[in-house]
Amino acid sequence: MDKIIRVNMADLSTRIEAVPAEWAGLGGRGLTSTIVAAEVPPTCHPLGPSNKLVFAPGLLTGTPAANSGRLSAGAKSPLTGTIKESNAGGTAAQMLARLGIKALIIEGIPKADAWYSLHVSMDGVTVQEEAELVGKGNFAVIEALEARLGKKTGILTIGPAGELKMTAANISVKDPDSKIRSHGRGGVGAVMGSKKIKFISINDEGAPKVPIADPEKFRTASRAFAKALLDHPVSGEGLPTYGTNVLVNILHEAGGLPTRNFTAGQFDSHDKISGETLHETIVARGGKHKHGCHAGCIIQCSQVYHDKEGKYVTSGFEYETIWGLGADCCVDNLDDIARADNLMDDIGIDSIETAVMFGVAMEAGILPFGDGKGIIRLLEEEIAKGTALGRILGGGAGSVGKAYGVTRVPVVKNQGIPAYDPRSVKGIGITYATSTMGADHTAGYTIATNILNVGGFVDPLKKDGQVELSRNLQIATAAVDSTGMCIFVAFPALDIPECLPALIDMINARFGISLTGDDVTNLGKYILKTERQFNIAAGFTSEHDRLPEFFKTEPVAPHNAVWDFSDAEIDEFWNF
């Protein structure tokens, strides 16, 4: 039977609870946001005792369904002050699902000045004091725990950034290769650090398979769903070949590749950091251009990047990171960017927020634009060590902008704007403005329709249809985030008629229920409205659903585009 496990760090107690009836149909983001909205005071300090950290596998996580290995983490964000959900691949989600854990809720703050670990198994959760691994980077934590507990152990850990409660800190997740995936954005690693938990280890030995009410119906739907993923040109060809970094040249061509801290829409050295160049480099050095971040992934968009000697540098080398340290910071050396990515994984700090932050730091004169070696130095010597400057940098783009008096700071609700210029790709601007979690491209990925012509086409340079596009995608994304599915299933779902019905059929077969498409849409709407109500109670208004003013006053080349939505047009988003 599914269960809820609560850990109270104030008295180091644990308890197992039955799943409340109102939570039974929820998973992933739908469940984390529901619990946070119900149990966390919206005005509480995100690093104080009243915040809670919630982990929840998706509705299909742990089943044989392709691409269903995502885990959601939820809390009140110390970066934005809003509600937060972050999902990641790795091995933890499927292990928790097999253990029958619908949600793991961590509350309170320890009384003693000590660090702890949690161990999750068939016997429940135990809390233990931890001294050996405090202060260690994430790679050292994973290596030590595999030696201590076994190679198959699932691991959620924080690095130095989380221990220091930097508001750009991640929670890092061990992947099948003992490398790192991240619960990024929003500072959930700082919340885990505030609760003095260095790591959570998971042993699913003895756990049964996730039960499926109608196995034959599930198999039929699962085959149709997997076929759709492989048949679509983006999820079946583009992403497996070039990874997400295929977008560098595409966005450069569209004039939507933010460059030099969002002062231009094209990067002269785009070819040096493009997906095509990355692919050639990986192949030449014996890395992997096809790689999954969790078991059961058939898109395989993750990549393993080696140095010139053929040694591992980083994996999960994503477009947003390469764009941010590349075009936005004007660094055209993939090896420098890869080394920085490795350091961010080890430190446990968000590679989008930190990349956007470095663009602002360069504008502030902390480093010159193009200084890839300087980025590496600041990561190693300042952020990892928690110096005074390192703490400012570890607070993200908004932190640096305030400390250094920079006016061009690309944030919404204090979260860095990633990878797509909203003046040239207007749909994503609506998503950045209205997302319940600050600027977040994954909340409603209009790039699919604005740039890639998936699900039709909405002209990225015109306002027409952008609010509706972002709204529909945000609703759909909230629902998908509840299933445990990778967001890239959206590409075939928008274009291949059999895809979404197959996804719904798998959920129905898993639980023995009869959801319809309307039910799934209503779930997405419920999640967004629940998150928004939390934010309103926390003090946010429609005035916070705005982009920084420089997007209105500074046209971006090559189209000389500006952000030209009125406040009333943006506010139409919430009319559903």
# chains A, B, ... in the order shown; residues from 1 in each chain; ligands from 1

$ select_by_dssp --residues "segment 166-207 of chain A" --states "alpha helix (DSSP H)" --output "list of chain:residue names"
A:Val188, A:Gly189, A:Ala190, A:Val191, A:Met192, A:Gly193, A:Ser194

$ select_by_dssp --residues "segment 131-199 of chain A" --states "strand (DSSP E or B)" --output "list in words"
Gly154, Ile155, Leu156, Thr157, Ala169, Ile171, Ser172, Val173, Lys174, Ile180, Arg181, Ser182, His183, Ile197, Lys198 and Phe199 of chain A

$ write_last_selection --atoms "C-alpha atoms" --output "mmCIF file, in the first residue's frame"
data_model
loop_
_atom_site.group_PDB
_atom_site.id
_atom_site.type_symbol
_atom_site.label_atom_id
_atom_site.label_comp_id
_atom_site.auth_asym_id
_atom_site.auth_seq_id
_atom_site.Cartn_x
_atom_site.Cartn_y
_atom_site.Cartn_z
ATOM 1 C CA GLY A 154 19.940 5.700 -4.227
ATOM 2 C CA ILE A 155 21.252 9.074 -3.087
ATOM 3 C CA LEU A 156 19.900 12.610 -2.678
ATOM 4 C CA THR A 157 22.580 14.977 -1.431
ATOM 5 C CA ALA A 169 21.654 25.619 -4.159
ATOM 6 C CA ILE A 171 19.549 18.956 -4.315
ATOM 7 C CA SER A 172 21.671 16.514 -6.298
ATOM 8 C CA VAL A 173 20.462 13.051 -7.328
ATOM 9 C CA LYS A 174 22.661 10.076 -8.159
ATOM 10 C CA ILE A 180 24.630 13.766 -10.853
ATOM 11 C CA ARG A 181 21.187 15.041 -11.837
ATOM 12 C CA SER A 182 19.739 18.046 -10.092
ATOM 13 C CA HIS A 183 16.621 19.336 -8.417
ATOM 14 C CA ILE A 197 20.330 16.972 6.242
ATOM 15 C CA LYS A 198 23.478 16.239 4.270
ATOM 16 C CA PHE A 199 22.077 13.309 2.322
#

$ closest_atom_pairs --of "segment 197-240 of chain A" --to "segment 2-11 of chain A" --cutoff "12 Å" --atoms "only C-alpha atoms" --output "CSV"
residue,atom,partner,partner_atom,distance
A:Ile197,CA,A:Met9,CA,8.9
A:Ile200,CA,A:Val7,CA,11.7
A:Pro208,CA,A:Asp2,CA,11.9
A:Val210,CA,A:Asp2,CA,9.8
A:Pro211,CA,A:Asp2,CA,10.3

$ atom_distance --atom1 "atom CA of Ala254 of chain A" --atom2 "atom CA of Gln266 of chain A"
8.3 Å

$ closest_residue --among "A:Asp175, A:Thr263, A:Thr541, A:Glu17" --to "Thr553 of chain A" --atoms "only C-alpha atoms"
A:Thr263

$ residues_around --residues "Arg185 of chain A" --least-positions-apart "5" --cutoff "9 Å" --atoms "only C-alpha atoms" --output "JSON, numbers by chain"
{"A": [77, 79, 84, 85, 86, 168, 169, 170, 349, 350, 351, 352, 353, 415, 416, 440]}

$ closest_residue --among "A:Gly326, A:Ser201, A:Gly396, A:Val188" --to "Leu257 of chain A" --atoms "only C-alpha atoms"
A:Gly326

$ closest_atom_pairs --of "segment 48-144 of chain A" --to "segment 38-44 of chain A" --cutoff "7 Å" --atoms "only C-alpha atoms" --output "tab-separated table"
residue	atom	partner	partner_atom	distance
A:Ser50	CA	A:Cys44	CA	6.3
A:Asn51	CA	A:Val40	CA	5.6
A:Lys52	CA	A:Val40	CA	6.5

$ write_last_selection --atoms "N, CA, C and O atoms" --output "compact mmCIF listing (two decimals), in the first residue's frame"
# COMPACT_ATOMS: atom_id res chain seq x y z
N SER A 50 9.25 26.46 9.81
CA SER A 50 7.90 26.21 9.30
C SER A 50 7.86 25.72 7.87
O SER A 50 6.83 25.20 7.41
N ASN A 51 8.95 25.90 7.12
CA ASN A 51 8.96 25.39 5.75
C ASN A 51 9.10 23.87 5.78
O ASN A 51 9.63 23.30 6.74
N LYS A 52 8.60 23.23 4.73
CA LYS A 52 8.72 21.78 4.61
C LYS A 52 9.32 21.44 3.26
O LYS A 52 9.14 22.16 2.28
